[in-house]
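*Asks:* Sharing protein_34.cif below, mmCIF, C-alpha atoms:
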data_work
#
loop_
_atom_site.label_atom_id
_atom_site.label_comp_id
_atom_site.auth_asym_id
_atom_site.auth_seq_id
_atom_site.Cartn_x
_atom_site.Cartn_y
_atom_site.Cartn_z
CA MET F 28 16.93 -60.46 -22.38
CA SER F 29 20.39 -59.77 -23.81
CA ALA F 30 22.27 -61.94 -21.32
CA ASN F 31 23.40 -65.49 -22.08
CA PHE F 32 20.58 -67.65 -20.70
CA ALA F 33 22.90 -70.67 -20.58
CA THR F 34 25.10 -68.84 -18.06
CA LEU F 35 22.57 -66.41 -16.61
CA GLY F 36 23.83 -66.58 -13.04
CA GLU F 37 27.38 -65.84 -14.15
CA ASP F 38 26.30 -62.90 -16.30
CA ILE F 39 24.31 -61.45 -13.41
CA ARG F 40 27.28 -61.70 -11.07
CA LYS F 41 29.47 -59.88 -13.59
CA VAL F 42 27.19 -56.87 -13.82
CA GLU F 43 26.53 -56.86 -10.07
CA ASP F 44 30.26 -56.80 -9.33
CA ALA F 45 30.71 -54.02 -11.91
CA GLY F 46 28.32 -51.68 -10.12
CA ALA F 47 24.90 -52.26 -11.63
CA HIS F 48 22.18 -50.91 -9.33
CA LEU F 49 19.45 -53.37 -10.29
CA ILE F 50 18.61 -56.25 -12.63
CA HIS F 51 15.98 -55.46 -15.24
CA VAL F 52 14.05 -58.62 -16.14
CA ASP F 53 12.26 -58.69 -19.50
CA VAL F 54 9.10 -60.81 -19.43
CA MET F 55 7.48 -61.29 -22.85
CA ASP F 56 4.49 -63.43 -23.76
CA GLY F 57 4.52 -63.57 -27.57
CA HIS F 58 1.16 -61.79 -27.57
CA PHE F 59 1.59 -58.25 -26.30
CA VAL F 60 5.03 -58.24 -27.92
CA PRO F 61 6.32 -60.47 -30.75
CA ASN F 62 8.73 -62.48 -28.62
CA ILE F 63 8.72 -64.94 -25.72
CA THR F 64 11.28 -64.83 -22.92
CA ILE F 65 10.88 -66.02 -19.33
CA GLY F 66 8.29 -66.58 -16.60
CA PRO F 67 8.10 -66.82 -12.79
CA PRO F 68 10.29 -69.98 -12.45
CA VAL F 69 13.27 -68.24 -14.08
CA VAL F 70 12.69 -65.08 -12.03
CA LYS F 71 12.75 -67.28 -8.93
CA SER F 72 16.12 -68.66 -10.03
CA ILE F 73 17.46 -65.18 -10.73
CA ARG F 74 16.37 -64.11 -7.24
CA LYS F 75 18.71 -66.74 -5.78
CA ALA F 76 21.61 -65.52 -7.92
CA THR F 77 21.73 -61.88 -6.83
CA LYS F 78 21.08 -59.51 -3.96
CA LEU F 79 20.27 -56.65 -6.34
CA PRO F 80 16.66 -55.51 -6.70
CA LEU F 81 14.75 -57.28 -9.47
CA ASP F 82 13.02 -54.75 -11.71
CA VAL F 83 10.55 -57.02 -13.51
CA HIS F 84 9.07 -55.56 -16.70
CA LEU F 85 5.85 -57.33 -17.72
CA MET F 86 5.46 -56.99 -21.47
CA ILE F 87 2.41 -59.23 -21.36
CA SER F 88 -1.33 -59.12 -21.92
CA ASP F 89 -3.66 -59.34 -18.91
CA PRO F 90 -0.87 -58.70 -16.37
CA ASP F 91 -3.21 -58.85 -13.36
CA LYS F 92 -3.46 -62.60 -13.78
CA TYR F 93 0.29 -63.07 -13.28
CA ILE F 94 1.19 -60.40 -10.73
CA PRO F 95 0.96 -62.72 -7.67
CA ALA F 96 3.21 -65.32 -9.32
CA PHE F 97 5.96 -62.80 -10.05
CA VAL F 98 5.70 -61.37 -6.54
CA ASP F 99 6.10 -64.87 -5.11
CA ALA F 100 9.09 -65.43 -7.43
CA GLY F 101 10.93 -62.53 -5.78
CA ALA F 102 10.28 -59.39 -7.85
CA ASN F 103 11.10 -56.18 -5.98
CA SER F 104 9.07 -54.13 -8.44
CA LEU F 105 6.64 -54.90 -11.24
CA THR F 106 6.09 -52.67 -14.25
CA VAL F 107 3.01 -53.12 -16.43
CA HIS F 108 2.17 -51.50 -19.75
CA ALA F 109 -0.65 -49.00 -19.84
CA GLU F 110 -1.54 -50.41 -23.26
CA ALA F 111 -1.93 -53.94 -21.85
CA THR F 112 -4.55 -53.35 -19.17
CA ALA F 113 -8.06 -51.96 -19.45
CA HIS F 114 -8.11 -50.66 -15.87
CA LEU F 115 -4.72 -49.14 -15.11
CA ASP F 116 -5.73 -47.63 -11.76
CA ARG F 117 -6.93 -51.03 -10.55
CA THR F 118 -3.81 -52.83 -11.80
CA LEU F 119 -1.37 -50.39 -10.18
CA ASN F 120 -3.24 -50.58 -6.88
CA PHE F 121 -3.20 -54.37 -7.14
CA ILE F 122 0.59 -54.34 -7.43
CA ARG F 123 0.81 -51.90 -4.49
CA SER F 124 -1.28 -54.28 -2.36
CA HIS F 125 1.59 -56.78 -2.57
CA ASN F 126 4.01 -54.33 -0.92
CA ILE F 127 6.46 -54.07 -3.81
CA GLY F 128 7.47 -51.27 -6.17
CA VAL F 129 4.91 -50.15 -8.75
CA GLY F 130 5.83 -49.26 -12.32
CA VAL F 131 3.87 -48.22 -15.40
CA SER F 132 5.28 -48.28 -18.93
CA ILE F 133 4.35 -46.71 -22.24
CA ASN F 134 5.49 -47.57 -25.76
CA PRO F 135 7.25 -45.00 -27.97
CA ALA F 136 4.14 -43.83 -29.84
CA THR F 137 1.88 -43.79 -26.76
CA PRO F 138 1.24 -40.21 -25.56
CA MET F 139 1.99 -39.13 -22.01
CA VAL F 140 -1.65 -38.14 -21.48
CA LEU F 141 -2.56 -41.83 -21.29
CA VAL F 142 -0.74 -42.22 -17.97
CA GLU F 143 -0.24 -38.78 -16.46
CA HIS F 144 -3.21 -39.10 -14.08
CA ALA F 145 -1.93 -42.47 -12.87
CA LEU F 146 1.62 -41.36 -12.09
CA GLY F 147 0.64 -40.55 -8.52
CA LEU F 148 0.06 -44.29 -8.05
CA ALA F 149 3.45 -45.33 -9.42
CA ASP F 150 7.00 -45.36 -8.13
CA MET F 151 8.38 -45.45 -11.65
CA LEU F 152 7.41 -44.49 -15.18
CA LEU F 153 9.19 -46.61 -17.80
CA ILE F 154 9.38 -44.85 -21.14
CA MET F 155 10.22 -47.28 -23.90
CA THR F 156 12.72 -45.72 -26.27
CA VAL F 157 12.38 -48.57 -28.76
CA ASN F 158 9.39 -50.71 -29.67
CA PRO F 159 9.38 -53.55 -27.12
CA GLY F 160 10.02 -57.13 -28.10
CA PHE F 161 13.63 -57.37 -29.25
CA GLY F 162 17.06 -56.30 -28.03
CA GLY F 163 19.63 -54.41 -30.05
CA GLN F 164 17.26 -51.86 -31.55
CA LYS F 165 18.15 -48.27 -32.39
CA PHE F 166 17.06 -45.51 -30.01
CA ILE F 167 13.98 -43.60 -31.25
CA PRO F 168 14.86 -39.87 -31.10
CA TYR F 169 11.36 -38.48 -30.59
CA THR F 170 11.11 -40.26 -27.23
CA LEU F 171 13.41 -37.60 -25.79
CA GLU F 172 10.55 -35.11 -25.93
CA LYS F 173 8.35 -37.57 -24.04
CA ILE F 174 10.98 -37.86 -21.30
CA ARG F 175 10.99 -34.06 -21.00
CA GLN F 176 7.18 -34.00 -20.86
CA ALA F 177 7.17 -36.66 -18.16
CA ARG F 178 9.72 -34.73 -16.09
CA GLN F 179 7.57 -31.61 -16.30
CA VAL F 180 4.37 -33.42 -15.29
CA ILE F 181 6.09 -35.14 -12.34
CA GLU F 182 7.64 -31.92 -11.07
CA ASN F 183 4.51 -29.81 -11.56
CA ARG F 184 2.40 -32.27 -9.58
CA ASN F 185 5.05 -33.13 -6.99
CA TYR F 186 4.88 -36.83 -7.76
CA ARG F 187 7.57 -39.10 -6.33
CA CYS F 188 7.60 -41.18 -9.53
CA VAL F 189 11.03 -41.61 -11.15
CA ILE F 190 11.63 -41.95 -14.89
CA GLU F 191 13.17 -45.09 -16.34
CA VAL F 192 14.21 -45.51 -19.98
CA ASP F 193 14.75 -48.74 -21.88
CA GLY F 194 15.88 -49.28 -25.46
CA GLY F 195 18.98 -48.30 -27.40
CA ILE F 196 20.70 -46.92 -24.30
CA ASP F 197 24.45 -46.80 -24.88
CA THR F 198 27.33 -44.36 -24.57
CA ASP F 199 26.04 -42.33 -27.54
CA THR F 200 22.47 -41.86 -26.23
CA LEU F 201 23.01 -41.88 -22.48
CA ARG F 202 23.84 -38.20 -22.09
CA GLU F 203 20.70 -37.08 -23.91
CA VAL F 204 18.29 -39.17 -21.85
CA VAL F 205 19.85 -38.09 -18.55
CA ARG F 206 19.68 -34.44 -19.56
CA ALA F 207 16.03 -34.93 -20.57
CA GLY F 208 15.22 -36.23 -17.08
CA ALA F 209 15.78 -40.00 -16.99
CA GLU F 210 16.88 -41.42 -13.63
CA VAL F 211 16.91 -45.20 -14.17
CA LEU F 212 18.82 -46.40 -17.22
CA VAL F 213 18.27 -49.86 -18.66
CA ALA F 214 20.97 -51.23 -20.96
CA GLY F 215 20.95 -54.73 -22.38
CA SER F 216 22.81 -55.30 -25.63
CA ALA F 217 25.19 -52.43 -24.90
CA ILE F 218 26.46 -54.30 -21.85
CA PHE F 219 26.03 -58.01 -22.47
CA LEU F 220 27.27 -57.91 -26.07
CA ALA F 221 30.30 -55.80 -25.15
CA PRO F 222 33.72 -57.53 -25.06
CA ASP F 223 34.04 -56.51 -21.39
CA PRO F 224 30.59 -55.99 -19.79
CA ALA F 225 32.04 -54.81 -16.48
CA ARG F 226 34.14 -52.15 -18.15
CA LYS F 227 31.12 -51.06 -20.21
CA ILE F 228 29.00 -50.52 -17.09
CA LYS F 229 31.68 -48.44 -15.46
CA GLU F 230 32.10 -46.36 -18.61
CA MET F 231 28.36 -45.71 -18.83
CA LEU F 232 28.10 -44.75 -15.16
CA GLU F 233 31.00 -42.33 -15.55
CA ILE F 234 29.36 -40.68 -18.57
CA ALA F 235 26.04 -40.43 -16.75
CA ALA F 236 27.69 -38.87 -13.70
CA SER F 237 29.40 -36.29 -15.91
CA VAL F 238 26.00 -34.91 -16.95
CA GLY F 239 24.46 -34.88 -13.50
CA TYR F 240 23.17 -38.42 -12.99
CA HIS F 241 23.07 -39.64 -9.42
CA ARG F 242 21.65 -42.83 -7.95
CA GLU F 243 18.30 -42.24 -6.28
CA TYR F 244 16.22 -45.31 -7.06
CA VAL F 245 16.94 -48.95 -6.28
#
Could you rewrite the structure in this file as structure tokens?

*Replies:*
Amino acid sequence: MSANFATLGEDIRKVEDAGAHLIHVDVMDGHFVPNITIGPPVVKSIRKATKLPLDVHLMISDPDKYIPAFVDAGANSLTVHAEATAHLDRTLNFIRSHNIGVGVSINPATPMVLVEHALGLADMLLIMTVNPGFGGQKFIPYTLEKIRQARQVIENRNYRCVIEVDGGIDTDTLREVVRAGAEVLVAGSAIFLAPDPARKIKEMLEIAASVGYHREYV
């Protein structure tokens, strides 16, 4: 969402060359969130521009209707919001039936209890650390406690689900989220609005490594 859409392929190559592990694709419908971004045709174009996994985040209502289209477009994983589907178990199993990665996301004020029984169906839990819809927002501090809660639930139940965080992730918040238990770090504005995006990625990876981060999920 924070990249330059006029030169999207070039921006993707820059972050890929700099060491990014995946490309996080923000899909917004103007209904579930107050913004509109891209759909399957653009994801299909992005797929041609990179060999990195496409981590497609569906911030949309009624995601089941669009899952096949995003799979066909080349998504390696699809993440849906627990708040956007009435039957989360069914939706996660529907994604799994397409033989791609399965993700579930919750907004900042959504309690962990809403998804903890479904984490055994997911490869990844995306904890939003800002309210979804716009880039460049400030990290919400109370989400750190939710990351810690998620880590405890996952470890206590021996789930394989990894924790992803998205929103306000930069050099000043990165250490805290890694220490709390985050394993996949999404950064948009911090990278694409930096004077040197490649240097910014390397700096963030170095900081993360200094507090125990290591690459486990792609």

*Asks:* Using only C-alpha atoms for the distances, tell me which of F:Met151, F:Val142, F:Ile94, F:Ile127 is nearest to Leu212 (chain F).

*Replies:*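 Going through F:Met151, F:Val142, F:Ile94, F:Ile127 one by one, the smallest distance to Leu212 (chain F) is for F:Met151.
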
*Asks:* With the file shown as input, list the residues that the PyMOL selection byres ((chain F and resi 120) around 12) selects, as a list in words.

*Replies:*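 Here the PyMOL selection byres ((chain F and resi 120) around 12) matches Asp91, Ile94, Leu105, Val107, His114, Leu115, Asp116, Arg117, Thr118, Leu119, Phe121, Ile122, Arg123, Ser124, His125, Asn126, Ile127, Gly128, Val129, Gly130, Val131, Ala145, Leu146, Gly147, Leu148, Ala149 and Asp150 of chain F.
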
*Asks:* Next, dump the selected residues to file, keeping only C-alpha atoms, as a compact mmCIF listing (two decimals), keeping the file's coordinate frame.

*Replies:*
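The resulting part_21.txt:
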# COMPACT_ATOMS: atom_id res chain seq x y z
CA ASP F 91 -3.21 -58.85 -13.36
CA ILE F 94 1.19 -60.40 -10.73
CA LEU F 105 6.64 -54.90 -11.24
CA VAL F 107 3.01 -53.12 -16.43
CA HIS F 114 -8.11 -50.66 -15.87
CA LEU F 115 -4.72 -49.14 -15.11
CA ASP F 116 -5.73 -47.63 -11.76
CA ARG F 117 -6.93 -51.03 -10.55
CA THR F 118 -3.81 -52.83 -11.80
CA LEU F 119 -1.37 -50.39 -10.18
CA PHE F 121 -3.20 -54.37 -7.14
CA ILE F 122 0.59 -54.34 -7.43
CA ARG F 123 0.81 -51.90 -4.49
CA SER F 124 -1.28 -54.28 -2.36
CA HIS F 125 1.59 -56.78 -2.57
CA ASN F 126 4.01 -54.33 -0.92
CA ILE F 127 6.46 -54.07 -3.81
CA GLY F 128 7.47 -51.27 -6.17
CA VAL F 129 4.91 -50.15 -8.75
CA GLY F 130 5.83 -49.26 -12.32
CA VAL F 131 3.87 -48.22 -15.40
CA ALA F 145 -1.93 -42.47 -12.87
CA LEU F 146 1.62 -41.36 -12.09
CA GLY F 147 0.64 -40.55 -8.52
CA LEU F 148 0.06 -44.29 -8.05
CA ALA F 149 3.45 -45.33 -9.42
CA ASP F 150 7.00 -45.36 -8.13

*Asks:* Which residue is closest to Gly194 (chain F)? Choose from F:Gly160, F:Arg74, F:Pro138, F:Asp99 and count only C-alpha atoms.

*Replies:*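 Closest to Gly194 (chain F) of all the choices is F:Gly160.
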
*Asks:* Could you pull the residues within 8 Å of region 78-88 of chain F, counting only C-alpha atoms, minus those fewer than 5 positions along the same chain, as a list of chain:residue names?

*Replies:*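 These residues fall inside the cut-off: F:Glu43, F:His48, F:Leu49, F:Ile50, F:His51, F:Val52, F:Asp53, F:Val54, F:Met55, F:Asp56, F:Gly57, F:His58, F:Phe59, F:Val60, F:Gly101, F:Ala102, F:Asn103, F:Ser104, F:Leu105, F:Thr106, F:Val107, F:His108, F:Ala111, F:Thr112, F:Pro159, F:Val245.
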
*Asks:* Kindly indicate which residue among F:Val180, F:Leu220, F:Val205, F:Met28 lies nearest to Val238 (chain F), using only C-alpha atoms for the distances.

*Replies:* F:Val205

*Asks:* Do a neighbour search on region 36-42 of chain F at 8 Å with all atoms listed in the file, toss out local chain neighbours closer than 4 positions, and write the hits as a list in words.

*Replies:* Ala30, Asn31, Gly46, Ala47, Ile50, Ile73, Ala76, Thr77, Phe219, Pro224, Ala225 and Ile228 of chain F

*Asks:* Please write the residues picked by the PyMOL selection byres ((chain F and resi 134) around 10) on this file as a list of chain:residue names.

*Replies:*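 Applying the expression gives F:His108, F:Ala109, F:Glu110, F:Ser132, F:Ile133, F:Pro135, F:Ala136, F:Thr137, F:Pro138, F:Met139, F:Leu153, F:Ile154, F:Met155, F:Thr156, F:Val157, F:Asn158, F:Pro159, F:Thr170.
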
*Asks:* Here's a test: counting all atoms listed in the file, identify every protein, DNA and RNA residue with an atom at most 9 Å from (15.9, -35.6, -15.9) in the file's coordinate frame, and state them as number ranges by chain.

*Replies:* F: 174-175, 178, 190, 204-210, 239-240

*Asks:* Would you output that residue set with C-alpha atoms, as a short mmCIF file (atom, residue, chain, number, x, y, z; two decimals), in the frame of the given file?

*Replies:*
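For reference, selection-v7.cif as written:
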data_model
loop_
_atom_site.label_atom_id
_atom_site.label_comp_id
_atom_site.auth_asym_id
_atom_site.auth_seq_id
_atom_site.Cartn_x
_atom_site.Cartn_y
_atom_site.Cartn_z
CA ILE F 174 10.98 -37.86 -21.30
CA ARG F 175 10.99 -34.06 -21.00
CA ARG F 178 9.72 -34.73 -16.09
CA ILE F 190 11.63 -41.95 -14.89
CA VAL F 204 18.29 -39.17 -21.85
CA VAL F 205 19.85 -38.09 -18.55
CA ARG F 206 19.68 -34.44 -19.56
CA ALA F 207 16.03 -34.93 -20.57
CA GLY F 208 15.22 -36.23 -17.08
CA ALA F 209 15.78 -40.00 -16.99
CA GLU F 210 16.88 -41.42 -13.63
CA GLY F 239 24.46 -34.88 -13.50
CA TYR F 240 23.17 -38.42 -12.99
#

*Asks:* Considering all atoms listed in the file, state which residue in the set F:Ile196, F:Ala113, F:Ala221, F:Leu35 is at the smallest distance from Leu171 (chain F).

*Replies:*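 Distance minimum relative to Leu171 (chain F) lands on F:Ile196.
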
*Asks:* Would you work out the distance separating CA of Lys71 (chain F) from CA of Tyr93 (chain F), expressed in Å to one decimal?

*Replies:*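 CA of Lys71 (chain F) sits 13.9 Å away from CA of Tyr93 (chain F).
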
*Asks:* How many Å separate CA of Lys173 (chain F) from CA of Leu201 (chain F)?

*Replies:*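 CA of Leu201 (chain F) lies at a distance of 15.4 Å from CA of Lys173 (chain F).
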
*Asks:* Figure out the distance between CA of Lys75 (chain F) and CA of Gly215 (chain F), please, to one decimal in Å.

*Replies:*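 Between CA of Gly215 (chain F) and CA of Lys75 (chain F) the gap works out to 20.6 Å.
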
*Asks:* Give the answer as one residue: which of F:Asn62, F:Ala100, F:Val69, F:Glu143 has the shortest atom-to-atom distance to Glu182 (chain F), using all atoms listed in the file?

*Replies:*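 That would be F:Glu143, the residue with the smallest distance to Glu182 (chain F).
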
*Asks:* What are the centre and edge lengths in Å, to one decimal, of the axis-aligned box around all listed atoms of region 192-208 of chain F with 4 Å added on each side, as AutoDock Vina command-line options?

*Replies:*
--center_x 20.8 --center_y -41.9 --center_z -22.3 --size_x 21.1 --size_y 22.8 --size_z 18.5
